[in-house]
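Pasted below: query_4.tsv, TSV, C-alpha atoms.
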chain	number	residue	atom	x	y	z
A	1	MET	CA	-7.73	24.91	15.25
A	2	THR	CA	-7.29	26.23	11.74
A	3	ASP	CA	-4.14	26.31	9.66
A	4	THR	CA	-4.07	30.11	9.79
A	5	ALA	CA	-4.11	30.02	13.59
A	6	VAL	CA	-0.96	27.92	13.84
A	7	GLN	CA	1.05	29.07	10.82
A	8	PRO	CA	2.91	31.93	12.57
A	9	THR	CA	4.67	29.42	14.85
A	10	ILE	CA	5.81	27.21	11.96
A	11	ALA	CA	9.09	27.88	10.17
A	12	GLU	CA	8.81	28.98	6.54
A	13	GLU	CA	10.78	25.98	5.29
A	14	ASP	CA	8.36	23.66	7.09
A	15	LEU	CA	5.37	25.39	5.52
A	16	LEU	CA	7.00	24.85	2.12
A	17	ARG	CA	7.41	21.16	2.98
A	18	ALA	CA	3.76	20.98	3.99
A	19	ASP	CA	2.73	22.68	0.74
A	20	LEU	CA	4.60	20.09	-1.33
A	21	TYR	CA	3.14	17.20	0.66
A	22	ASP	CA	-0.34	18.66	0.13
A	23	PHE	CA	0.33	19.17	-3.56
A	24	LEU	CA	1.43	15.56	-4.05
A	25	SER	CA	-1.55	14.36	-2.04
A	26	ALA	CA	-3.97	16.33	-4.22
A	27	LEU	CA	-2.43	14.97	-7.44
A	28	LEU	CA	-2.47	11.38	-6.17
A	29	ALA	CA	-5.88	11.33	-4.47
A	30	GLY	CA	-7.84	11.66	-7.72
A	31	PRO	CA	-7.63	13.04	-11.26
A	32	ALA	CA	-6.58	16.69	-11.29
A	33	ASP	CA	-9.49	19.03	-11.97
A	34	LYS	CA	-9.18	22.19	-14.06
A	35	GLY	CA	-8.15	24.34	-11.09
A	36	LEU	CA	-5.39	21.98	-9.90
A	37	LEU	CA	-4.14	21.55	-13.45
A	38	GLN	CA	-3.97	25.32	-13.91
A	39	ARG	CA	-2.09	25.77	-10.62
A	40	THR	CA	0.32	23.03	-11.67
A	41	ALA	CA	0.86	24.68	-15.05
A	42	GLY	CA	1.79	27.93	-13.31
A	43	LEU	CA	4.60	26.46	-11.20
A	44	ALA	CA	8.25	27.34	-11.76
A	45	GLY	CA	11.27	25.46	-10.46
A	46	ASP	CA	14.92	26.25	-9.87
A	47	ASP	CA	18.04	24.40	-11.07
A	48	SER	CA	17.91	21.70	-8.38
A	49	ASP	CA	16.72	18.18	-9.22
A	50	LEU	CA	13.41	18.92	-7.50
A	51	GLY	CA	13.11	22.31	-9.22
A	52	GLN	CA	13.77	20.84	-12.65
A	53	ALA	CA	11.18	18.13	-12.00
A	54	ILE	CA	8.62	20.79	-11.02
A	55	SER	CA	9.39	22.75	-14.20
A	56	THR	CA	8.86	19.62	-16.30
A	57	LEU	CA	5.58	18.90	-14.50
A	58	ALA	CA	4.38	22.45	-15.16
A	59	ARG	CA	5.27	22.15	-18.83
A	60	VAL	CA	3.32	18.90	-19.20
A	61	ALA	CA	0.37	20.37	-17.28
A	62	ARG	CA	0.19	23.24	-19.76
A	63	ALA	CA	-0.03	20.77	-22.66
A	64	ILE	CA	-2.61	18.31	-21.28
A	65	ASN	CA	-6.34	18.55	-20.65
A	66	VAL	CA	-8.58	17.38	-17.81
A	67	LYS	CA	-10.11	14.50	-19.79
A	68	ALA	CA	-6.67	13.11	-20.65
A	69	VAL	CA	-5.58	13.37	-17.02
A	70	GLU	CA	-8.69	11.48	-15.90
A	71	SER	CA	-8.02	8.69	-18.40
A	72	GLU	CA	-4.39	8.52	-17.29
A	73	PHE	CA	-5.28	8.42	-13.59
A	74	ASN	CA	-7.80	5.63	-14.18
A	75	ALA	CA	-5.29	3.58	-16.16
A	76	LEU	CA	-2.62	4.01	-13.52
A	77	PHE	CA	-4.60	3.52	-10.33
A	78	ILE	CA	-8.04	2.06	-11.09
A	79	GLY	CA	-8.19	0.10	-14.35
A	80	LEU	CA	-10.42	-2.90	-15.03
A	81	GLY	CA	-10.01	-4.77	-11.78
A	82	ARG	CA	-6.85	-2.89	-10.85
A	83	GLY	CA	-4.63	-0.19	-12.28
A	84	GLU	CA	-1.04	-0.39	-13.44
A	85	LEU	CA	0.17	0.62	-9.97
A	86	MET	CA	-1.01	-0.22	-6.45
A	87	PRO	CA	-0.17	2.87	-4.36
A	88	PHE	CA	-0.34	1.22	-0.93
A	89	ALA	CA	2.39	0.60	1.64
A	90	SER	CA	1.11	-2.89	2.44
A	91	TYR	CA	1.25	-3.89	-1.21
A	92	TYR	CA	4.75	-2.55	-1.76
A	93	LEU	CA	6.13	-4.04	1.46
A	94	THR	CA	4.32	-7.41	1.54
A	95	GLY	CA	2.74	-7.94	-1.88
A	96	PHE	CA	-0.75	-7.85	-0.40
A	97	LEU	CA	-3.26	-5.21	0.73
A	98	ASN	CA	-4.39	-4.72	4.34
A	99	GLU	CA	-1.33	-6.33	5.91
A	100	LYS	CA	0.88	-5.47	8.92
A	101	PRO	CA	2.07	-2.11	7.55
A	102	LEU	CA	-1.56	-0.91	7.57
A	103	ALA	CA	-2.14	-2.14	11.13
A	104	SER	CA	1.05	-0.38	12.26
A	105	LEU	CA	-0.03	2.82	10.53
A	106	ARG	CA	-3.47	2.72	12.16
A	107	ALA	CA	-1.88	2.38	15.58
A	108	ASP	CA	0.34	5.41	14.97
A	109	MET	CA	-2.59	7.37	13.53
A	110	ALA	CA	-4.53	6.75	16.74
A	111	GLY	CA	-1.59	8.04	18.77
A	112	LEU	CA	-1.49	11.18	16.65
A	113	ARG	CA	-5.29	11.62	16.74
A	114	ILE	CA	-5.52	11.20	12.97
A	115	THR	CA	-8.79	9.72	11.74
A	116	ARG	CA	-9.83	8.69	8.26
A	117	ALA	CA	-12.27	11.03	6.53
A	118	PRO	CA	-15.77	9.50	6.33
A	119	ASN	CA	-15.87	9.79	2.53
A	120	VAL	CA	-12.57	7.92	2.03
A	121	TYR	CA	-12.87	4.17	1.50
A	122	GLU	CA	-9.37	3.14	0.47
A	123	PRO	CA	-6.96	1.75	3.08
A	124	GLU	CA	-5.18	4.51	4.98
A	125	ASP	CA	-1.72	3.40	3.78
A	126	ASN	CA	-2.27	4.79	0.28
A	127	ILE	CA	0.33	7.29	-0.87
A	128	ALA	CA	-2.06	10.24	-1.13
A	129	SER	CA	-3.25	9.82	2.46
A	130	LEU	CA	0.30	9.48	3.79
A	131	MET	CA	1.35	12.68	2.02
A	132	GLU	CA	-1.69	14.42	3.54
A	133	MET	CA	-0.81	13.10	7.00
A	134	MET	CA	2.72	14.47	6.78
A	135	SER	CA	1.41	17.90	5.83
A	136	GLY	CA	-1.15	17.76	8.61
A	137	MET	CA	1.50	16.94	11.19
A	138	ILE	CA	3.66	19.84	10.03
A	139	ARG	CA	0.77	22.32	10.01
A	140	GLY	CA	-0.92	21.09	13.18
A	141	ARG	CA	-4.15	19.94	11.55
A	142	PHE	CA	-4.56	17.19	14.14
A	143	GLY	CA	-4.02	19.45	17.14
A	144	ALA	CA	-0.67	21.07	17.84
A	145	ALA	CA	2.03	20.88	15.16
A	146	VAL	CA	3.91	17.59	15.57
A	147	PRO	CA	7.60	17.92	16.58
A	148	VAL	CA	10.15	17.12	13.88
A	149	THR	CA	11.39	14.09	15.82
A	150	ARG	CA	7.93	12.54	15.66
A	151	GLN	CA	7.53	13.51	12.00
A	152	LYS	CA	10.80	11.71	11.38
A	153	ASP	CA	9.67	8.56	13.18
A	154	PHE	CA	6.43	8.51	11.16
A	155	PHE	CA	8.27	9.14	7.90
A	156	PHE	CA	10.79	6.34	8.43
A	157	ARG	CA	8.15	3.87	9.64
A	158	HIS	CA	5.48	4.43	7.03
A	159	ILE	CA	6.87	6.33	4.02
A	160	ALA	CA	10.63	5.90	3.56
A	161	PRO	CA	10.54	2.08	3.19
A	162	TRP	CA	8.53	2.24	-0.03
A	163	ALA	CA	7.57	5.72	-1.28
A	164	GLU	CA	10.69	6.37	-3.34
A	165	HIS	CA	10.20	2.99	-5.02
A	166	PHE	CA	6.57	3.85	-5.76
A	167	PHE	CA	7.48	7.25	-7.22
A	168	SER	CA	10.14	5.61	-9.40
A	169	ASP	CA	7.52	3.16	-10.66
A	170	LEU	CA	5.14	6.06	-11.32
A	171	GLU	CA	7.85	7.91	-13.21
A	172	ALA	CA	8.41	4.90	-15.49
A	173	ALA	CA	4.83	3.61	-15.76
A	174	GLN	CA	3.56	2.80	-19.24
A	175	ASN	CA	0.49	5.01	-18.81
A	176	SER	CA	2.29	7.96	-17.18
A	177	VAL	CA	2.27	11.28	-19.03
A	178	LEU	CA	1.43	13.96	-16.46
A	179	TYR	CA	2.21	11.47	-13.72
A	180	ALA	CA	5.72	10.73	-14.97
A	181	PRO	CA	7.01	14.11	-13.72
A	182	VAL	CA	4.79	13.75	-10.64
A	183	GLY	CA	6.84	10.62	-9.95
A	184	THR	CA	10.06	12.55	-10.50
A	185	VAL	CA	8.94	15.30	-8.12
A	186	GLY	CA	7.91	12.78	-5.49
A	187	LYS	CA	11.13	10.79	-5.78
A	188	ALA	CA	13.27	13.92	-5.45
A	189	PHE	CA	11.25	15.20	-2.49
A	190	MET	CA	11.44	11.86	-0.66
A	191	ALA	CA	15.22	11.87	-1.11
A	192	ILE	CA	15.43	15.40	0.31
A	193	GLU	CA	13.24	14.52	3.29
A	194	THR	CA	15.24	11.37	4.00
A	195	GLN	CA	18.53	13.29	3.94
A	196	ALA	CA	17.16	16.17	6.03
A	197	PHE	CA	15.75	13.89	8.73
A	198	ARG	CA	19.04	11.95	8.90
A	199	MET	CA	21.09	15.14	9.12
A	200	GLY	CA	18.78	16.41	11.85
A	201	ALA	CA	19.40	13.22	13.82
A	202	GLU	CA	23.15	13.76	13.55
Turn the structure described in the file into structure tokens.
Amino acid sequence: MTDTAVQPTIAEEDLLRADLYDFLSALLAGPADKGLLQRTAGLAGDDSDLGQAISTLARVARAINVKAVESEFNALFIGLGRGELMPFASYYLTGFLNEKPLASLRADMAGLRITRAPNVYEPEDNIASLMEMMSGMIRGRFGAAVPVTRQKDFFFRHIAPWAEHFFSDLEAAQNSVLYAPVGTVGKAFMAIETQAFRMGAE
């Protein structure tokens, strides 16, 4: 089933959520190419915290080039041996890779019929993959669109315990230039999602 086949049944605000999850996933999965950088540079935000963060990100994107973004991404996430940040749930929650949070995620992925792409070799609990999973659940990429209650359970099990902390670290990282406002956007969006899911439960 394609995204276009299921979109008419999905509320506009949920499609906007999915778009932002996809956007964060694309920025965090690898260095932004020319097309992604141009799309980022063309964004405009409103006066909210998230909107102001998006405006700042767009402004930085207009002033940076692809080569600089690649160097920054490598310094942050790859490095010699390891980058400045380790964008994995297991690492943030236990201090080690491939620990219980990853096993728990894999079990929930199986229940949602989410499988790792064959060309992806990093553990599934990396931040880019989790952002992509949230978008996929909203849009119905893994079958039917996943109900909000199940999205909420997934978010609070696998994202809320650490993602805001990660985005704060990204915002303040020594090597962050473009990725500093990416961190601000991510942190603001995680706060909005957390509040919205909690209000929905009430």
Which residue is closest to Val177 (chain A)? Choose from A:Leu16, A:Ala163, A:Leu27, A:Ile64 and count only C-alpha atoms.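 Among the listed residues, A:Ile64 lies closest to Val177 (chain A).
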Test item: residues at most 10 Å from region 124-133 of chain A, only C-alpha atoms, excluding those fewer than 3 positions along its chain, as an mmCIF file with C-alpha atoms, keeping the file's coordinate frame:
data_model
loop_
_atom_site.group_PDB
_atom_site.id
_atom_site.type_symbol
_atom_site.label_atom_id
_atom_site.label_comp_id
_atom_site.auth_asym_id
_atom_site.auth_seq_id
_atom_site.Cartn_x
_atom_site.Cartn_y
_atom_site.Cartn_z
ATOM 1 C CA ALA A 18 3.760 20.980 3.990
ATOM 2 C CA ASP A 19 2.730 22.680 0.740
ATOM 3 C CA LEU A 20 4.600 20.090 -1.330
ATOM 4 C CA TYR A 21 3.140 17.200 0.660
ATOM 5 C CA ASP A 22 -0.340 18.660 0.130
ATOM 6 C CA PHE A 23 0.330 19.170 -3.560
ATOM 7 C CA LEU A 24 1.430 15.560 -4.050
ATOM 8 C CA SER A 25 -1.550 14.360 -2.040
ATOM 9 C CA ALA A 26 -3.970 16.330 -4.220
ATOM 10 C CA LEU A 27 -2.430 14.970 -7.440
ATOM 11 C CA LEU A 28 -2.470 11.380 -6.170
ATOM 12 C CA ALA A 29 -5.880 11.330 -4.470
ATOM 13 C CA GLY A 30 -7.840 11.660 -7.720
ATOM 14 C CA MET A 86 -1.010 -0.220 -6.450
ATOM 15 C CA PRO A 87 -0.170 2.870 -4.360
ATOM 16 C CA PHE A 88 -0.340 1.220 -0.930
ATOM 17 C CA ALA A 89 2.390 0.600 1.640
ATOM 18 C CA SER A 90 1.110 -2.890 2.440
ATOM 19 C CA TYR A 91 1.250 -3.890 -1.210
ATOM 20 C CA LEU A 97 -3.260 -5.210 0.730
ATOM 21 C CA ASN A 98 -4.390 -4.720 4.340
ATOM 22 C CA GLU A 99 -1.330 -6.330 5.910
ATOM 23 C CA PRO A 101 2.070 -2.110 7.550
ATOM 24 C CA LEU A 102 -1.560 -0.910 7.570
ATOM 25 C CA ALA A 103 -2.140 -2.140 11.130
ATOM 26 C CA SER A 104 1.050 -0.380 12.260
ATOM 27 C CA LEU A 105 -0.030 2.820 10.530
ATOM 28 C CA ARG A 106 -3.470 2.720 12.160
ATOM 29 C CA MET A 109 -2.590 7.370 13.530
ATOM 30 C CA LEU A 112 -1.490 11.180 16.650
ATOM 31 C CA ILE A 114 -5.520 11.200 12.970
ATOM 32 C CA THR A 115 -8.790 9.720 11.740
ATOM 33 C CA ARG A 116 -9.830 8.690 8.260
ATOM 34 C CA ALA A 117 -12.270 11.030 6.530
ATOM 35 C CA VAL A 120 -12.570 7.920 2.030
ATOM 36 C CA TYR A 121 -12.870 4.170 1.500
ATOM 37 C CA GLY A 136 -1.150 17.760 8.610
ATOM 38 C CA MET A 137 1.500 16.940 11.190
ATOM 39 C CA ILE A 138 3.660 19.840 10.030
ATOM 40 C CA ARG A 139 0.770 22.320 10.010
ATOM 41 C CA ARG A 141 -4.150 19.940 11.550
ATOM 42 C CA PHE A 142 -4.560 17.190 14.140
ATOM 43 C CA GLN A 151 7.530 13.510 12.000
ATOM 44 C CA PHE A 154 6.430 8.510 11.160
ATOM 45 C CA PHE A 155 8.270 9.140 7.900
ATOM 46 C CA HIS A 158 5.480 4.430 7.030
ATOM 47 C CA ILE A 159 6.870 6.330 4.020
ATOM 48 C CA TRP A 162 8.530 2.240 -0.030
ATOM 49 C CA ALA A 163 7.570 5.720 -1.280
ATOM 50 C CA PHE A 166 6.570 3.850 -5.760
ATOM 51 C CA PHE A 167 7.480 7.250 -7.220
ATOM 52 C CA GLY A 186 7.910 12.780 -5.490
#
What is the CA of Ala61 (chain A)-CA of Gln38 (chain A) distance in Å, reported with one decimal?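 These atoms are spaced 7.4 Å apart.
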Measuring between only C-alpha atoms, which one of A:Leu15, A:Ala32, A:Leu76, A:Ala41 shows the shortest distance to Ser55 (chain A)? A:Ala41
Could you give me the axis-aligned bounding box of region 45-59 of chain A, with 6 Å of padding per side, as centre plus edge lengths in Å to one decimal, as lines of an AutoDock Vina configuration file?
center_x = 11.2
center_y = 22.2
center_z = -13.2
size_x = 25.7
size_y = 20.1
size_z = 23.3
Do you have the CA of Arg62 (chain A)-CA of Gly45 (chain A) distance handy? 14.6 Å
One number please: CA of Ala173 (chain A) to CA of Phe73 (chain A), in Å, one decimal.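 One can read the CA of Ala173 (chain A) to CA of Phe73 (chain A) distance as 11.4 Å.
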Considering all atoms listed in the file, give me a table of residues in region 38-147 of chain A that are at most 10 Å from region 189-198 of chain A, with the closest atom pair and distance in Å for each, as JSON lines.
{"residue": "A:Asp49", "atom": "CA", "partner": "A:Phe189", "partner_atom": "CA", "distance": 9.2}
{"residue": "A:Leu50", "atom": "CA", "partner": "A:Phe189", "partner_atom": "CA", "distance": 6.6}
{"residue": "A:Gly51", "atom": "CA", "partner": "A:Phe189", "partner_atom": "CA", "distance": 10.0}
{"residue": "A:Ala53", "atom": "CA", "partner": "A:Phe189", "partner_atom": "CA", "distance": 10.0}
Between A:Thr9, A:Leu178, A:Glu122, A:Glu84, which one has atoms that come closest to Val146 (chain A), using all atoms listed in the file? A:Thr9
So that I can check the surroundings of Gly183 (chain A), please list as a list in words every protein, DNA and RNA residue that reaches within 9 Å of it, counting all atoms listed in the file and ignoring chain neighbours fewer than 6 positions away. Ala53, Glu164, Phe166, Phe167, Ser168, Asp169, Leu170, Glu171, Ala172 and Ser176 of chain A
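Using all atoms listed in the file, the nearest neighbour of Pro161 (chain A) within the list A:Gly35, A:Gly111, A:Thr94, A:Pro118 is A:Thr94.
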